[in-house]
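Since the structure comes first, as structure tokens, the remarks are kept for the end.
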Amino acid sequence: SQPWASTRTRAVATPKLAWAVGFYENTKGVSGSLIEKWTGGSSWSVVGTGGKNAQLYDVAAFGVNSAFAVGFILVSGVDEPLVSRWNGSTWSRTILPAPAGASNTTLSTVSGSSASDVWAFGNYELHGVHLLLEHWNGTAWSKVTIPTSMHPTAEALGLLSLGVNDLWLAGESGTNIARFWHYTGSWSLEATPPMSGKLAGSSDTSIWTIGPQSSGGTSLAHFTGSSWALVDSNGSDNFLVQGIALGASASTVWTVGTSGLTGGSQNIYIAKNGVTESVPTISDGDLFGIATGFGLAFAVGEVPGAPGEPVVVASCD
């Protein structure tokens, strides 16, 4: 049994297949990563853990026979980067080598253009927090270096692959400045976002991000290829947005998180183009991620407490 579990993110693979990943702790205090599967209807099933002493933070799917989930696993007291891979029949895990001398190495987000072009983004600690970028070419993983001049230290927050050699990264510098990188075979540092967080988009001239502003609150911003514009500016810390996904069109974007942070009941939060949707009230609920595709939208998170249970909210896209 699991007295506590958290589902962090999700991926829609087909009209009848979706994945959700996260982590749990059982009644004996054993913790591990969590993989859940949806095959239609209203039920989900636990199909794997990815390993004890591990956590998964993101998953990307490429049809029925390929999916990748990323996170970390504790090995000899040190966090090592972890990838769990679905081959159509089973999940298997790979512990990637951390940079020499590094500690607390974690992959936090994954994106790709195909099953043979997958990127994983995260951090490692070595005299500061540094970016870690890994690439899967269909056979093996390899580290990809971002020029040092573009990230002396930085936290990885967002990743979006729009095609082969068309990769966007979002993060925050060691001095709390939002950063936005583009890889096209070579690297460029793009227009500074008003905040930095997870990414969603359909082209190099239409990318969305979420994240807190210095004035408070969490807002949605849109990149048009050369500059950023705030889509909403709530100026309030009453809610926290933690997940983002495109809707049925490139001009529709879903965001999810938690509302009621300044007092009262804390509930799940879902918004379409920055406008709050009417959703079932779930007291003390948090949503961490959302995925869309094939006319479906799945938002996932947790209901803390005893017993804590993963939350999955499904709605038509």
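Chain identifiers are assigned as A, B, and so on, following the order in which chains appear in the structure tokens; residues are numbered from 1 within each chain, and ligands are numbered from 1 in order of appearance.
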Identify all residues of segment 192-248 of chain A in strand (DSSP E) (DSSP on the backbone) and supply them as a short mmCIF file (atom, residue, chain, number, x, y, z; two decimals) with C-alpha atoms, in the first residue's frame.
```cif
data_model
loop_
_atom_site.label_atom_id
_atom_site.label_comp_id
_atom_site.auth_asym_id
_atom_site.auth_seq_id
_atom_site.Cartn_x
_atom_site.Cartn_y
_atom_site.Cartn_z
CA LEU A 199 7.59 25.36 -22.29
CA ALA A 200 4.94 24.52 -24.89
CA GLY A 201 4.81 25.53 -28.53
CA SER A 202 4.15 24.68 -32.15
CA SER A 203 6.87 26.59 -34.02
CA SER A 206 4.97 30.60 -31.20
CA ILE A 207 6.27 29.36 -27.84
CA TRP A 208 4.63 29.69 -24.41
CA THR A 209 6.09 29.65 -20.91
CA ILE A 210 4.91 29.94 -17.32
CA GLY A 211 6.60 31.16 -14.19
CA PRO A 212 6.49 33.64 -11.32
CA THR A 218 2.44 33.26 -11.80
CA SER A 219 1.73 34.31 -15.35
CA LEU A 220 1.68 33.09 -18.93
CA ALA A 221 3.93 34.58 -21.61
CA HIS A 222 4.14 34.15 -25.41
CA PHE A 223 7.26 34.29 -27.62
CA TRP A 228 7.98 38.08 -25.36
CA ALA A 229 4.59 39.39 -24.25
CA LEU A 230 2.66 38.64 -21.07
CA PHE A 239 -2.15 30.59 -7.27
CA LEU A 240 0.85 28.70 -8.58
CA VAL A 241 0.95 27.45 -12.19
CA GLN A 242 3.17 24.40 -12.68
CA GLY A 243 2.12 22.72 -15.96
CA ILE A 244 1.49 23.84 -19.54
CA ALA A 245 0.38 22.21 -22.82
CA LEU A 246 -1.03 23.31 -26.16
#
```
Distance query Val78 of chain A at most 8 Å, only C-alpha atoms, self and fewer than 2 positions along chain excluded, as a PyMOL selection string:
chain A and resi 74-76+80+103-104
Fewer than 6 positions away in the same chain doesn't count, so skip those; otherwise give me all residues within 7 Å of Val303 of chain A, counting only C-alpha atoms, as a list in words.
Asp284, Gly285, Asp286, Glu309, Pro310 and Val311 of chain A
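Minimum atom-to-atom distances from A:Leu296, A:Leu82, A:Ile290, A:Ala271 to Ala248 of chain A were compared using only C-alpha atoms, and the lowest value belongs to A:Leu296.
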Do you know which residues are at most 8 Å from Lys143 of chain A counting only C-alpha atoms, after dropping those on the same chain fewer than 3 positions away, and could you put them as a ChimeraX atom specification?
/A:132-135
Tell me which protein, DNA and RNA residues are within 6 Å of segment 64-71 of chain A, counting only C-alpha atoms, leaving out same-chain ones fewer than 2 positions away, and put them as a ChimeraX atom specification.
/A:55-62,82-88,106-108
Residues from the last selection, N, CA and C atoms, saved as a PDB file, in the first residue's frame:
```
ATOM      1  N   GLN A  55      12.916   8.947  -8.280  1.00  0.00           N
ATOM      2  CA  GLN A  55      11.769   9.799  -8.589  1.00  0.00           C
ATOM      3  C   GLN A  55      11.782  10.107 -10.077  1.00  0.00           C
ATOM      4  N   LEU A  56      10.593  10.141 -10.681  1.00  0.00           N
ATOM      5  CA  LEU A  56      10.439  10.520 -12.086  1.00  0.00           C
ATOM      6  C   LEU A  56       9.673  11.828 -12.167  1.00  0.00           C
ATOM      7  N   TYR A  57      10.122  12.724 -13.057  1.00  0.00           N
ATOM      8  CA  TYR A  57       9.551  14.065 -13.136  1.00  0.00           C
ATOM      9  C   TYR A  57       8.873  14.382 -14.466  1.00  0.00           C
ATOM     10  N   ASP A  58       9.205  13.651 -15.518  1.00  0.00           N
ATOM     11  CA  ASP A  58       8.619  13.982 -16.817  1.00  0.00           C
ATOM     12  C   ASP A  58       8.626  12.754 -17.702  1.00  0.00           C
ATOM     13  N   VAL A  59       7.706  12.717 -18.681  1.00  0.00           N
ATOM     14  CA  VAL A  59       7.615  11.601 -19.612  1.00  0.00           C
ATOM     15  C   VAL A  59       7.204  12.126 -20.976  1.00  0.00           C
ATOM     16  N   ALA A  60       7.758  11.536 -22.028  1.00  0.00           N
ATOM     17  CA  ALA A  60       7.399  11.861 -23.410  1.00  0.00           C
ATOM     18  C   ALA A  60       7.126  10.559 -24.143  1.00  0.00           C
ATOM     19  N   ALA A  61       6.069  10.539 -24.968  1.00  0.00           N
ATOM     20  CA  ALA A  61       5.674   9.318 -25.675  1.00  0.00           C
ATOM     21  C   ALA A  61       5.724   9.535 -27.177  1.00  0.00           C
ATOM     22  N   PHE A  62       6.089   8.463 -27.896  1.00  0.00           N
ATOM     23  CA  PHE A  62       6.188   8.486 -29.355  1.00  0.00           C
ATOM     24  C   PHE A  62       5.470   7.256 -29.894  1.00  0.00           C
ATOM     25  N   LEU A  82      18.483   9.420 -14.141  1.00  0.00           N
ATOM     26  CA  LEU A  82      17.777   8.185 -14.448  1.00  0.00           C
ATOM     27  C   LEU A  82      16.869   8.374 -15.658  1.00  0.00           C
ATOM     28  N   VAL A  83      16.894   7.386 -16.571  1.00  0.00           N
ATOM     29  CA  VAL A  83      15.962   7.333 -17.693  1.00  0.00           C
ATOM     30  C   VAL A  83      15.267   5.977 -17.661  1.00  0.00           C
ATOM     31  N   SER A  84      13.931   5.974 -17.689  1.00  0.00           N
ATOM     32  CA  SER A  84      13.156   4.746 -17.862  1.00  0.00           C
ATOM     33  C   SER A  84      12.565   4.768 -19.268  1.00  0.00           C
ATOM     34  N   ARG A  85      12.714   3.655 -19.981  1.00  0.00           N
ATOM     35  CA  ARG A  85      12.312   3.610 -21.393  1.00  0.00           C
ATOM     36  C   ARG A  85      11.287   2.496 -21.633  1.00  0.00           C
ATOM     37  N   TRP A  86      10.225   2.835 -22.354  1.00  0.00           N
ATOM     38  CA  TRP A  86       9.184   1.884 -22.756  1.00  0.00           C
ATOM     39  C   TRP A  86       9.438   1.457 -24.194  1.00  0.00           C
ATOM     40  N   ASN A  87       9.496   0.117 -24.446  1.00  0.00           N
ATOM     41  CA  ASN A  87       9.777  -0.386 -25.792  1.00  0.00           C
ATOM     42  C   ASN A  87       8.565  -1.037 -26.453  1.00  0.00           C
ATOM     43  N   GLY A  88       7.389  -0.832 -25.853  1.00  0.00           N
ATOM     44  CA  GLY A  88       6.180  -1.425 -26.398  1.00  0.00           C
ATOM     45  C   GLY A  88       5.666  -2.592 -25.579  1.00  0.00           C
ATOM     46  N   THR A 106      20.162  15.422 -11.583  1.00  0.00           N
ATOM     47  CA  THR A 106      18.758  15.102 -11.841  1.00  0.00           C
ATOM     48  C   THR A 106      18.365  15.541 -13.240  1.00  0.00           C
ATOM     49  N   LEU A 107      17.592  14.708 -13.938  1.00  0.00           N
ATOM     50  CA  LEU A 107      16.951  15.099 -15.188  1.00  0.00           C
ATOM     51  C   LEU A 107      15.507  15.438 -14.862  1.00  0.00           C
ATOM     52  N   SER A 108      15.065  16.643 -15.234  1.00  0.00           N
ATOM     53  CA  SER A 108      13.751  17.116 -14.811  1.00  0.00           C
ATOM     54  C   SER A 108      12.732  17.216 -15.929  1.00  0.00           C
TER      55      SER A 108
END
```
Atom CA of Gly293 of chain A and atom CA of Ala13 of chain A, how far apart in Å?
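Interatomic distance, atom CA of Ala13 of chain A to atom CA of Gly293 of chain A: 7.8 Å.
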Pick from A:Ala191, A:Leu96, A:Ala250, A:Val144: nearest to Ala178 of chain A, with only C-alpha atoms counted?
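The closest residue to Ala178 of chain A is A:Ala191.
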Which residues are close to Ile270 of chain A, i.e. within 7 Å by only C-alpha atoms, leaving aside same-chain residues fewer than 6 positions away? Reply as a PDB file with N, CA, C and O atoms, in the first residue's frame.
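Generated file (selection.pdb):
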```pdb
ATOM      1  N   THR A 255      -3.036  25.671 -18.818  1.00  0.00           N
ATOM      2  CA  THR A 255      -2.112  25.726 -17.702  1.00  0.00           C
ATOM      3  C   THR A 255      -2.798  25.155 -16.463  1.00  0.00           C
ATOM      4  O   THR A 255      -4.014  25.287 -16.306  1.00  0.00           O
ATOM      5  N   VAL A 256      -2.014  24.510 -15.610  1.00  0.00           N
ATOM      6  CA  VAL A 256      -2.568  23.888 -14.404  1.00  0.00           C
ATOM      7  C   VAL A 256      -1.680  24.185 -13.210  1.00  0.00           C
ATOM      8  O   VAL A 256      -0.499  24.498 -13.349  1.00  0.00           O
ATOM      9  N   GLY A 257      -2.264  24.074 -12.022  1.00  0.00           N
ATOM     10  CA  GLY A 257      -1.501  24.301 -10.803  1.00  0.00           C
ATOM     11  C   GLY A 257      -2.376  24.219  -9.575  1.00  0.00           C
ATOM     12  O   GLY A 257      -3.255  23.369  -9.470  1.00  0.00           O
ATOM     13  N   THR A 276      -9.408  31.057 -15.917  1.00  0.00           N
ATOM     14  CA  THR A 276      -9.692  29.905 -15.067  1.00  0.00           C
ATOM     15  C   THR A 276     -10.906  29.134 -15.557  1.00  0.00           C
ATOM     16  O   THR A 276     -11.949  29.717 -15.867  1.00  0.00           O
ATOM     17  N   GLU A 277     -10.777  27.810 -15.623  1.00  0.00           N
ATOM     18  CA  GLU A 277     -11.873  26.929 -15.999  1.00  0.00           C
ATOM     19  C   GLU A 277     -12.632  26.468 -14.754  1.00  0.00           C
ATOM     20  O   GLU A 277     -12.078  26.425 -13.652  1.00  0.00           O
TER      21      GLU A 277
END
```
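Going from atom CA of Gly197 of chain A over to atom CA of Glu172 of chain A, you cover 8.5 Å.
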Segment 33-43 of chain A environment, 8 Å, only C-alpha atoms, sequence neighbours closer than 2 positions dropped, as a VMD selection string
chain A and resid 7 15 to 24 31 45 to 56
Of the listed residues A:Trp119, A:Trp187, A:Tyr124, A:Phe72, that which approaches Ala100 of chain A most closely, counting only C-alpha atoms:
A:Tyr124
Please report the interatomic distance between atom CA of Ala115 of chain A and atom CA of Phe288 of chain A in Å with one decimal.
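Between these atoms lies a distance of 24.5 Å.
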